[in-house]
$ cat coords15.txt   # compact mmCIF, C-alpha atoms and all ligand atoms
# COMPACT_ATOMS: atom_id res chain seq x y z
CA MET A 1 0.00 0.00 0.00
CA GLY A 2 1.33 3.46 -0.89
CA PHE A 3 1.27 6.38 1.50
CA SER A 4 -0.62 9.61 1.10
CA THR A 5 -1.04 12.71 3.26
CA ILE A 6 -3.20 12.62 6.40
CA LYS A 7 -6.73 14.02 6.01
CA GLY A 8 -6.65 17.81 6.31
CA PHE A 9 -2.88 17.93 5.71
CA ARG A 10 -1.48 18.79 2.29
CA ASP A 11 1.67 19.10 0.26
CA ILE A 12 2.52 22.48 -1.17
CA LEU A 13 3.87 21.56 -4.57
CA PRO A 14 6.69 23.35 -6.40
CA GLU A 15 4.32 25.00 -8.88
CA GLU A 16 2.34 26.52 -5.99
CA VAL A 17 5.33 27.79 -4.08
CA ALA A 18 5.95 30.96 -6.11
CA ASN A 19 2.82 32.62 -4.68
CA TRP A 20 3.73 31.49 -1.15
CA GLN A 21 7.13 33.10 -1.56
CA ARG A 22 5.55 36.24 -2.99
CA LEU A 23 3.28 36.57 0.06
CA GLU A 24 6.06 35.76 2.52
CA SER A 25 8.58 38.15 1.02
CA ARG A 26 6.03 41.02 0.91
CA ALA A 27 5.12 40.33 4.52
CA ARG A 28 8.78 40.28 5.57
CA ARG A 29 9.42 43.58 3.80
CA LEU A 30 6.44 45.20 5.55
CA PHE A 31 7.41 43.77 8.93
CA HIS A 32 10.81 45.34 8.43
CA VAL A 33 9.48 48.82 7.66
CA TYR A 34 6.97 48.62 10.53
CA GLY A 35 9.76 47.59 12.92
CA PHE A 36 8.75 43.98 13.67
CA GLN A 37 11.40 41.42 14.56
CA GLU A 38 11.08 37.73 13.84
CA ILE A 39 10.56 35.15 16.56
CA ARG A 40 10.36 31.39 15.98
CA PRO A 41 8.60 29.56 18.79
CA PRO A 42 8.39 25.75 18.76
CA LEU A 43 5.45 23.85 17.30
CA LEU A 44 4.86 21.84 20.45
CA GLU A 45 3.99 23.42 23.82
CA TYR A 46 2.45 22.40 27.13
CA GLN A 47 -1.24 21.92 26.44
CA GLU A 48 -2.15 24.10 29.41
CA LEU A 49 -0.61 27.15 27.75
CA PHE A 50 -3.37 27.01 25.14
CA SER A 51 -6.25 26.07 27.43
CA ARG A 52 -5.37 28.90 29.84
CA SER A 53 -5.01 31.54 27.13
CA ILE A 54 -7.45 30.61 24.36
CA GLY A 55 -10.04 29.32 26.86
CA GLU A 56 -11.41 25.89 27.87
CA GLU A 57 -14.84 26.57 26.35
CA THR A 58 -13.57 27.58 22.91
CA ASP A 59 -13.94 25.18 19.98
CA ILE A 60 -10.19 25.38 19.44
CA VAL A 61 -9.37 24.04 22.91
CA SER A 62 -12.37 21.81 23.59
CA LYS A 63 -12.57 20.14 20.16
CA GLN A 64 -9.68 20.91 17.86
CA MET A 65 -6.36 20.48 19.64
CA TYR A 66 -3.88 17.81 18.70
CA SER A 67 -2.90 16.94 22.26
CA PHE A 68 -1.23 13.95 23.85
CA GLN A 69 0.80 13.03 26.91
CA ASP A 70 4.57 12.71 27.00
CA SER A 71 6.28 9.83 28.80
CA LYS A 72 6.10 11.76 32.09
CA GLY A 73 2.37 12.27 31.73
CA ARG A 74 2.57 15.99 30.88
CA GLY A 75 -0.08 17.18 28.44
CA LEU A 76 1.45 18.53 25.23
CA ALA A 77 -0.23 20.04 22.19
CA LEU A 78 0.68 21.02 18.66
CA ARG A 79 0.09 24.75 18.54
CA PRO A 80 -3.34 25.72 17.20
CA GLU A 81 -2.24 29.38 16.95
CA ALA A 82 0.86 31.44 17.68
CA THR A 83 -0.20 34.19 20.09
CA ALA A 84 -0.01 32.05 23.24
CA SER A 85 3.50 30.86 22.32
CA VAL A 86 4.76 34.36 21.53
CA VAL A 87 3.36 35.67 24.83
CA ARG A 88 5.00 32.76 26.66
CA ALA A 89 8.34 33.59 25.02
CA TYR A 90 7.91 37.31 25.84
CA ILE A 91 7.50 36.39 29.52
CA GLN A 92 10.01 33.51 29.68
CA HIS A 93 12.87 35.53 28.15
CA ASN A 94 11.99 38.85 29.82
CA LEU A 95 11.79 40.43 26.37
CA TYR A 96 9.86 43.37 27.83
CA LYS A 97 12.93 44.45 29.78
CA LYS A 98 14.82 45.27 26.60
CA TYR A 99 12.36 47.56 24.84
CA PRO A 100 9.20 49.05 26.33
CA VAL A 101 7.29 48.24 23.14
CA GLN A 102 8.04 44.90 21.51
CA LYS A 103 6.89 44.07 17.99
CA LEU A 104 7.30 40.44 16.98
CA PHE A 105 6.26 38.44 13.95
CA SER A 106 6.32 34.74 13.19
CA THR A 107 5.23 32.47 10.39
CA GLY A 108 4.53 28.78 10.21
CA ALA A 109 2.22 25.82 10.53
CA MET A 110 -0.69 25.63 12.99
CA PHE A 111 -2.77 22.55 13.77
CA ARG A 112 -6.51 22.31 14.43
CA HIS A 113 -8.51 19.12 14.23
CA GLU A 114 -11.40 20.70 12.29
CA ASN A 115 -13.61 19.19 9.63
CA PRO A 116 -11.56 19.85 6.51
CA GLN A 117 -13.28 21.69 3.68
CA LYS A 118 -12.44 24.36 1.11
CA GLY A 119 -10.17 26.89 2.86
CA ARG A 120 -10.13 24.88 6.11
CA PHE A 121 -7.32 22.47 6.89
CA ARG A 122 -5.97 20.59 9.88
CA GLN A 123 -2.48 21.84 9.19
CA PHE A 124 -2.55 25.38 7.91
CA HIS A 125 -0.16 28.32 7.98
CA GLN A 126 -0.31 31.73 9.54
CA ILE A 127 1.66 34.94 9.30
CA ASN A 128 1.37 36.26 12.81
CA ALA A 129 2.22 39.61 14.42
CA GLU A 130 2.06 40.78 18.03
CA LEU A 131 2.70 44.22 19.50
CA PHE A 132 3.29 44.31 23.25
CA GLY A 133 3.45 47.20 25.67
CA ASP A 134 1.21 49.90 24.18
CA PRO A 135 -2.37 50.35 25.39
CA GLY A 136 -3.53 53.09 23.00
CA PRO A 137 -5.62 52.99 19.83
CA LYS A 138 -2.68 54.17 17.71
CA SER A 139 -1.03 50.74 17.98
CA ASP A 140 -4.35 49.09 17.04
CA ALA A 141 -4.46 51.32 13.96
CA ASP A 142 -0.81 50.60 13.13
CA ILE A 143 -1.40 46.84 13.29
CA ILE A 144 -4.50 47.06 11.11
CA HIS A 145 -2.68 49.37 8.70
CA LEU A 146 0.06 46.77 8.33
CA VAL A 147 -2.42 44.03 7.39
CA MET A 148 -4.28 46.21 4.92
CA ASP A 149 -0.97 47.47 3.41
CA LEU A 150 0.06 43.88 2.83
CA PHE A 151 -3.19 42.99 1.08
CA ARG A 152 -3.06 46.20 -0.97
CA SER A 153 0.52 45.56 -2.06
CA LEU A 154 -0.56 42.13 -3.32
CA GLY A 155 -3.36 43.69 -5.37
CA LEU A 156 -6.05 42.26 -3.06
CA THR A 157 -8.42 45.19 -2.71
CA ASP A 158 -11.76 43.41 -2.65
CA LEU A 159 -11.63 42.86 1.11
CA ILE A 160 -13.81 44.08 3.94
CA LEU A 161 -12.36 45.08 7.29
CA ASN A 162 -14.81 44.22 10.10
CA LEU A 163 -14.30 46.01 13.39
CA ASN A 164 -15.70 45.53 16.88
CA SER A 165 -14.92 46.21 20.51
CA LEU A 166 -15.48 43.58 23.17
CA GLY A 167 -15.04 45.95 26.09
CA CYS A 168 -12.83 45.51 29.14
CA PRO A 169 -13.13 43.88 32.58
CA GLU A 170 -15.05 46.97 33.71
CA CYS A 171 -17.84 46.90 31.11
CA ARG A 172 -17.79 43.32 29.75
CA PRO A 173 -19.58 41.89 32.82
CA ARG A 174 -22.59 44.14 32.07
CA PHE A 175 -22.76 42.84 28.51
CA ARG A 176 -22.23 39.29 29.69
CA ALA A 177 -25.13 39.59 32.16
CA ALA A 178 -27.44 41.00 29.46
CA LEU A 179 -26.40 38.25 27.03
CA THR A 180 -26.84 35.53 29.65
CA GLY A 181 -30.38 36.79 30.36
CA TYR A 182 -31.20 36.96 26.65
CA LEU A 183 -29.90 33.42 26.03
CA ALA A 184 -31.64 32.01 29.12
CA ASP A 185 -34.99 33.15 27.67
CA ARG A 186 -34.23 31.25 24.46
CA GLY A 187 -32.59 28.16 25.97
CA ASP A 188 -34.98 25.81 24.12
CA LEU A 189 -33.68 27.01 20.78
CA LEU A 190 -30.00 26.39 21.57
CA CYS A 191 -28.02 23.21 20.84
CA PRO A 192 -26.84 21.21 23.93
CA ASP A 193 -23.31 22.72 23.70
CA CYS A 194 -24.66 26.25 23.56
CA LYS A 195 -27.08 25.62 26.45
CA ARG A 196 -23.99 24.93 28.55
CA ARG A 197 -22.01 27.81 27.04
CA ALA A 198 -24.92 30.19 27.72
CA ARG A 199 -24.19 29.67 31.42
CA THR A 200 -20.40 29.22 31.45
CA ASN A 201 -19.13 31.45 28.61
CA PRO A 202 -22.03 33.06 26.72
CA LEU A 203 -19.81 34.86 24.15
CA ARG A 204 -18.89 31.45 22.73
CA VAL A 205 -22.49 30.91 21.58
CA PHE A 206 -21.64 33.37 18.77
CA ASP A 207 -19.10 30.83 17.42
CA CYS A 208 -21.68 28.03 16.97
CA LYS A 209 -22.23 27.02 13.36
CA LYS A 210 -25.73 25.55 13.99
CA GLN A 211 -28.41 27.53 12.23
CA THR A 212 -30.81 27.79 15.18
CA CYS A 213 -28.03 29.09 17.46
CA GLN A 214 -26.98 31.58 14.80
CA GLU A 215 -30.57 32.80 14.50
CA VAL A 216 -30.69 33.31 18.26
CA VAL A 217 -27.45 35.36 18.43
CA ALA A 218 -28.42 37.40 15.37
CA GLU A 219 -30.91 39.26 17.58
CA ALA A 220 -28.72 39.31 20.71
CA PRO A 221 -27.89 42.60 22.45
CA SER A 222 -24.98 44.51 20.92
CA VAL A 223 -21.76 44.64 22.92
CA LEU A 224 -21.22 48.20 21.68
CA GLU A 225 -24.17 49.43 23.76
CA PHE A 226 -22.42 48.31 26.96
CA LEU A 227 -18.98 49.84 26.49
CA CYS A 228 -17.60 52.06 29.28
CA ASP A 229 -16.27 55.55 28.48
CA HIS A 230 -12.64 54.33 28.30
CA CYS A 231 -13.57 51.65 25.76
CA ILE A 232 -15.72 54.07 23.74
CA ASN A 233 -12.85 56.58 23.58
CA HIS A 234 -10.41 53.85 22.58
CA PHE A 235 -12.74 52.57 19.87
CA HIS A 236 -13.43 56.08 18.51
CA GLY A 237 -9.71 56.86 18.60
CA LEU A 238 -9.00 53.80 16.47
CA GLN A 239 -11.70 54.72 13.97
CA GLU A 240 -10.27 58.24 13.67
CA TYR A 241 -6.79 56.90 12.92
CA LEU A 242 -8.18 54.52 10.32
CA GLY A 243 -10.29 57.28 8.76
CA ALA A 244 -7.24 59.57 8.59
CA SER A 245 -5.36 56.94 6.59
CA ASP A 246 -8.26 56.09 4.28
CA ILE A 247 -8.86 52.60 5.59
CA SER A 248 -12.53 51.81 5.30
CA PHE A 249 -14.24 49.38 7.65
CA VAL A 250 -17.64 48.15 8.74
CA LEU A 251 -18.72 47.88 12.37
CA ASN A 252 -19.76 44.33 13.17
CA HIS A 253 -20.97 43.88 16.73
CA HIS A 254 -21.21 40.11 16.23
CA LEU A 255 -17.46 39.83 15.75
CA VAL A 256 -16.49 38.14 19.02
CA ARG A 257 -13.78 35.92 17.43
CA GLY A 258 -13.29 32.35 18.63
CA LEU A 259 -10.71 32.95 21.37
CA ASP A 260 -11.30 34.08 24.95
CA TYR A 261 -8.31 36.38 25.39
CA TYR A 262 -9.62 39.40 23.52
CA THR A 263 -10.40 42.74 25.16
CA ARG A 264 -11.54 45.91 23.37
CA THR A 265 -10.64 45.90 19.66
CA THR A 266 -11.31 42.84 17.53
CA PHE A 267 -11.08 42.80 13.76
CA GLU A 268 -11.33 40.44 10.85
CA VAL A 269 -10.56 40.90 7.17
CA GLN A 270 -13.17 39.09 5.11
CA THR A 271 -13.68 38.33 1.45
CA GLU A 272 -16.72 37.37 -0.55
CA SER A 273 -14.71 35.28 -3.02
CA LEU A 274 -13.92 32.23 -0.89
CA GLY A 275 -17.31 30.93 0.20
CA ALA A 276 -17.95 29.94 3.82
CA GLN A 277 -14.32 30.28 5.03
CA ASN A 278 -14.32 34.00 4.37
CA ALA A 279 -11.84 35.31 6.98
CA VAL A 280 -8.38 35.87 5.53
CA ALA A 281 -7.00 37.53 8.68
CA GLY A 282 -8.16 38.16 12.20
CA GLY A 283 -6.89 39.70 15.35
CA GLY A 284 -7.45 41.98 18.28
CA ARG A 285 -6.31 43.37 21.60
CA TYR A 286 -5.61 41.15 24.60
CA ASP A 287 -4.70 43.44 27.47
CA GLY A 288 -5.06 40.85 30.25
CA LEU A 289 -3.33 37.89 28.65
CA ILE A 290 0.31 38.59 29.52
CA ARG A 291 -0.52 39.00 33.21
CA GLN A 292 -2.83 35.97 33.12
CA LEU A 293 0.07 33.82 31.89
CA GLY A 294 2.33 35.01 34.72
CA GLY A 295 3.96 38.05 33.10
CA PRO A 296 3.83 41.77 33.82
CA ASP A 297 0.61 43.72 33.37
CA HIS A 298 1.41 44.70 29.78
CA PRO A 299 -1.14 45.18 27.03
CA GLY A 300 -0.95 43.44 23.67
CA ILE A 301 -2.53 43.43 20.24
CA GLY A 302 -1.93 41.26 17.19
CA PHE A 303 -3.28 39.47 14.18
CA ALA A 304 -2.82 36.35 12.12
CA ILE A 305 -3.22 35.96 8.39
CA GLY A 306 -4.50 32.64 7.04
CA VAL A 307 -1.88 31.92 4.41
CA GLU A 308 -3.80 29.21 2.47
CA ARG A 309 -6.79 31.53 2.05
CA VAL A 310 -4.67 34.42 0.83
CA ILE A 311 -2.91 32.06 -1.56
CA GLU A 312 -6.27 31.02 -2.94
CA LEU A 313 -7.02 34.68 -3.70
CA LEU A 314 -3.58 35.10 -5.28
CA GLU A 315 -4.11 31.98 -7.41
CA LYS A 316 -7.13 33.71 -8.94
CA GLN A 317 -4.73 36.43 -10.15
CA GLY A 318 -2.50 33.74 -11.69
CA ARG A 319 0.91 32.41 -10.81
CA PRO A 320 4.16 34.30 -11.19
CA PRO A 321 6.14 32.83 -14.13
CA LEU A 322 8.17 29.78 -13.14
CA GLN A 323 11.92 30.30 -12.87
CA THR A 324 13.99 28.35 -15.38
CA PRO A 325 17.75 27.57 -15.59
CA ASP A 326 20.02 30.31 -16.92
CA ILE A 327 22.46 27.84 -18.43
CA PHE A 328 22.45 24.15 -19.35
CA VAL A 329 25.93 22.71 -19.84
CA ALA A 330 25.89 19.87 -22.37
CA ALA A 331 29.02 17.72 -22.35
CA LEU A 332 30.10 14.94 -24.71
CA GLY A 333 32.71 12.44 -23.54
CA LYS A 334 34.32 11.77 -20.18
CA GLU A 335 36.88 14.57 -20.33
CA ALA A 336 34.26 17.15 -21.32
CA GLU A 337 31.95 15.91 -18.58
CA GLN A 338 34.63 16.45 -15.94
CA LEU A 339 35.47 19.87 -17.28
CA SER A 340 31.81 20.86 -17.47
CA PHE A 341 31.26 19.78 -13.85
CA GLY A 342 33.89 22.30 -12.67
CA LEU A 343 32.57 24.89 -15.10
CA ALA A 344 29.05 24.57 -13.70
CA GLN A 345 30.35 25.22 -10.18
CA ARG A 346 32.26 28.33 -11.35
CA LEU A 347 29.17 29.70 -13.08
CA ARG A 348 26.99 28.99 -10.02
CA LYS A 349 29.37 31.15 -7.98
CA LEU A 350 28.25 34.01 -10.22
CA GLY A 351 24.66 33.43 -9.13
CA ALA A 352 23.47 31.63 -12.27
CA TRP A 353 21.11 28.64 -12.13
CA VAL A 354 23.21 26.06 -13.95
CA GLU A 355 22.04 22.58 -14.94
CA THR A 356 24.18 19.77 -16.28
CA ASN A 357 23.38 16.36 -17.60
CA TYR A 358 23.89 13.89 -14.76
CA GLY A 359 24.19 10.77 -16.92
CA SER A 360 25.90 10.63 -20.30
CA GLY A 361 23.71 11.12 -23.34
CA SER A 362 23.80 12.14 -26.97
CA LEU A 363 23.86 15.84 -27.80
CA LYS A 364 20.31 15.47 -29.12
CA SER A 365 19.01 14.06 -25.82
CA GLN A 366 20.84 16.72 -23.81
CA MET A 367 19.42 19.50 -25.98
CA LYS A 368 15.97 17.97 -25.49
CA ARG A 369 16.45 18.02 -21.74
CA ALA A 370 17.66 21.64 -21.81
CA ASP A 371 14.57 22.54 -23.82
CA ARG A 372 12.26 20.74 -21.39
CA LEU A 373 13.80 22.54 -18.44
CA GLY A 374 13.32 25.85 -20.27
CA ALA A 375 17.06 26.67 -20.10
CA LYS A 376 17.77 30.10 -21.54
CA LYS A 377 21.23 29.26 -22.91
CA VAL A 378 23.09 26.03 -23.60
CA LEU A 379 26.83 25.68 -23.42
CA ILE A 380 28.12 22.75 -25.50
CA ILE A 381 31.48 21.13 -24.78
CA GLY A 382 32.65 18.21 -26.95
CA GLU A 383 36.00 17.03 -28.28
CA ASP A 384 36.36 19.91 -30.75
CA GLU A 385 35.64 22.45 -28.02
CA LEU A 386 38.16 20.82 -25.69
CA SER A 387 40.94 21.02 -28.23
CA SER A 388 40.14 24.62 -29.24
CA GLY A 389 39.57 25.77 -25.63
CA LYS A 390 36.29 27.35 -26.69
CA ALA A 391 32.74 26.21 -26.01
CA LEU A 392 29.76 26.69 -28.24
CA TRP A 393 26.85 28.62 -26.68
CA ARG A 394 23.32 28.73 -28.02
CA ASP A 395 20.43 30.99 -27.09
CA MET A 396 17.42 28.65 -26.89
CA ALA A 397 14.88 31.36 -27.70
CA THR A 398 16.58 33.20 -30.59
CA LYS A 399 18.67 30.22 -31.80
CA GLU A 400 21.62 32.63 -32.01
CA GLN A 401 24.95 30.95 -31.24
CA GLY A 402 28.67 31.66 -30.94
CA LEU A 403 31.95 30.66 -29.30
CA VAL A 404 33.16 31.50 -25.83
CA ASP A 405 36.67 31.15 -24.41
CA LEU A 406 36.60 28.56 -21.60
CA GLN A 407 39.49 30.23 -19.73
CA ASP A 408 37.59 33.46 -19.53
CA ILE A 409 34.13 32.01 -18.96
CA GLU A 410 33.21 34.12 -15.91
CA ASN A 411 33.67 37.39 -17.77
CA HIS A 412 31.76 36.10 -20.75
CA ALA A 413 29.06 34.73 -18.49
CA LYS A 414 28.22 38.13 -17.12
CA ARG A 415 27.59 39.43 -20.64
CA LEU A 416 26.29 36.35 -22.43
CA PHE A 417 24.33 34.63 -19.73
CA SER A 418 23.20 37.71 -17.78
CA CYS A 419 24.76 36.40 -14.56
CA ALA A 420 24.98 38.77 -11.66
CA ALA A 421 28.32 38.41 -9.90
CA GLU A 422 27.90 38.01 -6.14
P1 LIG B 1 -7.85 32.98 14.15
O1 LIG B 1 -9.00 33.82 13.69
O2 LIG B 1 -8.18 31.75 14.86
O3 LIG B 1 -6.93 33.91 15.02
O4 LIG B 1 -6.96 32.61 12.90
C1 LIG B 1 -6.46 33.61 12.04
C2 LIG B 1 -6.66 33.21 10.59
O5 LIG B 1 -6.11 31.90 10.37
C3 LIG B 1 -8.12 33.07 10.16
O6 LIG B 1 -8.67 34.32 9.83
C4 LIG B 1 -8.00 32.16 8.96
O7 LIG B 1 -7.65 32.91 7.81
C5 LIG B 1 -6.83 31.26 9.32
N1 LIG B 1 -7.32 29.94 9.78
C6 LIG B 1 -7.80 29.62 10.99
N2 LIG B 1 -8.13 28.32 11.04
C7 LIG B 1 -7.85 27.79 9.83
C8 LIG B 1 -7.96 26.49 9.23
N3 LIG B 1 -8.40 25.44 9.93
N4 LIG B 1 -7.57 26.32 7.95
C9 LIG B 1 -7.09 27.37 7.23
N5 LIG B 1 -6.96 28.61 7.74
C10 LIG B 1 -7.33 28.83 9.01
C11 LIG B 1 -5.79 33.49 15.63
O8 LIG B 1 -5.24 32.46 15.41
C12 LIG B 1 -5.21 34.52 16.58
N6 LIG B 1 -4.03 33.95 17.20
C13 LIG B 1 -4.89 35.81 15.83
C14 LIG B 1 -4.27 36.82 16.72
C15 LIG B 1 -2.95 37.14 16.81
N7 LIG B 1 -4.92 37.58 17.58
C16 LIG B 1 -4.06 38.35 18.22
N8 LIG B 1 -2.86 38.06 17.76
$ encode --input "coords15.txt" --output "structure tokens"
Amino acid sequence: MGFSTIKGFRDILPEEVANWQRLESRARRLFHVYGFQEIRPPLLEYQELFSRSIGEETDIVSKQMYSFQDSKGRGLALRPEATASVVRAYIQHNLYKKYPVQKLFSTGAMFRHENPQKGRFRQFHQINAELFGDPGPKSDADIIHLVMDLFRSLGLTDLILNLNSLGCPECRPRFRAALTGYLADRGDLLCPDCKRRARTNPLRVFDCKKQTCQEVVAEAPSVLEFLCDHCINHFHGLQEYLGASDISFVLNHHLVRGLDYYTRTTFEVQTESLGAQNAVAGGGRYDGLIRQLGGPDHPGIGFAIGVERVIELLEKQGRPPLQTPDIFVAALGKEAEQLSFGLAQRLRKLGAWVETNYGSGSLKSQMKRADRLGAKKVLIIGEDELSSGKALWRDMATKEQGLVDLQDIENHAKRLFSCAAE
């Protein structure tokens, strides 16, 4: 029996990779100009890190974690998201002592045992950013600006920024009480999970995919009506910054996001082109999380981009042209093969993509291979070329050809093969 990938896990094939690299390199460039430094936390953490930060009642923790016990009986889990790990690292390594405001980004695979469907995988990738140490709306706006800049620079303009505020420990309890009362009156309409959530963590009822539960929360009280003055000022401040930089948004008071750690600002970038899995990025403020995990009382805000979903949008624009070899070195005979092997290495030092024939073959078969690979130029070395010290080059597109001195190949390469010297 042959092997194939696990359900919900997939290979990213070479022809798909160009768009991944395009997204990653744009993101890296933007992180640089916005002053974010890279951090690379591990994929495996103590399970409790996620249950304490994301929340026991969330779907992610209660249903979707890949968790198991190590030989000492400690619960471990593959990370379902990056925020908890980055906060852990911020505390563990006292990163806050170095700079008052820390801006960190990370990229990589996340794992959630969800029902796979279009745009939803069990292993997926995120580009993640966190900003620690600033409580004001300007850092919220900066973070959102970064995400929207990235999408804009990729030509993805058909996106809607949804914005909400979930309040703070001062005003959230009032909303929670109103929501609990509202849900209690409609308990018969809720699924068994949501009946429990309505008592233990009523905000999580908003995450339920069941139609009857969704109909119930559609009419639920709006969190925005319960915000305290501090939260209202923060939320207005953010909207002013966004308005001043021409970033349009819609207010969506149902946007509670699926994780418990959020306070105040939450946001999600949505698209209408991907069907049900319409969120391409999501994030928000989590002012209590760092302290909750044993760190100082520092605020935080961040976001994560769903790479697979953005790639799907980029695929609709087409793929960047595939790279092809600059030079194919065709050699005939043992002596020429040995010489061409060294020649290929010298040309690679100039930064050229150089292919050679690994086995021995006729000139015809080597030219065929060069053509298949899409090589731009072919360098032919046979007995005649060895004795004259010159190789024959051919441009595969124009069919133009000529001789090049083998001793002086590097200098010729820069001109003939458009190699950029390192
Ligand atoms: P999240 O909304 O759970 O937030 O995930 C962020 C993005 O990851 C989603 O908008 C979506 O594009 C993508 N995503 C999530 N699950 C899947 C899946 N199963 N398959 C494919 N893509 C998926 C977080 O993870 C937070 N940690 C974001 C954050 C950072 N908040 C503050 N800082």
$ closest_residue --input "coords15.txt" --among "A:Arg369, A:Asn201, A:Thr58, A:Leu189" --to "Arg257 (chain A)" --atoms "all atoms listed in the file"
A:Thr58
$ closest_residue --input "coords15.txt" --among "A:Glu219, A:Arg309, A:Ile12, A:Ile160" --to "Glu272 (chain A)" --atoms "all atoms listed in the file"
A:Ile160
$ residues_near_ligand --input "coords15.txt" --ligand "ligand LIG 1 (chain B)" --cutoff "7 Å" --atoms "all atoms listed in the file" --output "count of residues only"
35
$ atom_distance --input "coords15.txt" --atom1 "CA of Leu163 (chain A)" --atom2 "CA of Phe267 (chain A)"
4.6 Å
$ closest_residue --input "coords15.txt" --among "A:Gly136, A:Gly108, A:Gly402, A:Gly155" --to "Trp20 (chain A)" --atoms "only C-alpha atoms"
A:Gly108
$ atom_distance --input "coords15.txt" --atom1 "CA of Leu224 (chain A)" --atom2 "CA of Asp140 (chain A)"
17.5 Å
$ atom_distance --input "coords15.txt" --atom1 "CA of Asp188 (chain A)" --atom2 "CA of Ala220 (chain A)"
15.3 Å
$ residues_near_point --input "coords15.txt" --point "(2.4, 37.6, -12.0)" --cutoff "12 Å" --atoms "all atoms listed in the file" --output "PDB file with C-alpha atoms, in the coordinates of the input"
ATOM      1  CA  ALA A  18       5.950  30.960  -6.110  1.00  0.00           C
ATOM      2  CA  ASN A  19       2.820  32.620  -4.680  1.00  0.00           C
ATOM      3  CA  ARG A  22       5.550  36.240  -2.990  1.00  0.00           C
ATOM      4  CA  LEU A 154      -0.560  42.130  -3.320  1.00  0.00           C
ATOM      5  CA  GLY A 155      -3.360  43.690  -5.370  1.00  0.00           C
ATOM      6  CA  LEU A 314      -3.580  35.100  -5.280  1.00  0.00           C
ATOM      7  CA  GLU A 315      -4.110  31.980  -7.410  1.00  0.00           C
ATOM      8  CA  LYS A 316      -7.130  33.710  -8.940  1.00  0.00           C
ATOM      9  CA  GLN A 317      -4.730  36.430 -10.150  1.00  0.00           C
ATOM     10  CA  GLY A 318      -2.500  33.740 -11.690  1.00  0.00           C
ATOM     11  CA  ARG A 319       0.910  32.410 -10.810  1.00  0.00           C
ATOM     12  CA  PRO A 320       4.160  34.300 -11.190  1.00  0.00           C
ATOM     13  CA  PRO A 321       6.140  32.830 -14.130  1.00  0.00           C
ATOM     14  CA  LEU A 322       8.170  29.780 -13.140  1.00  0.00           C
TER      15      LEU A 322
END
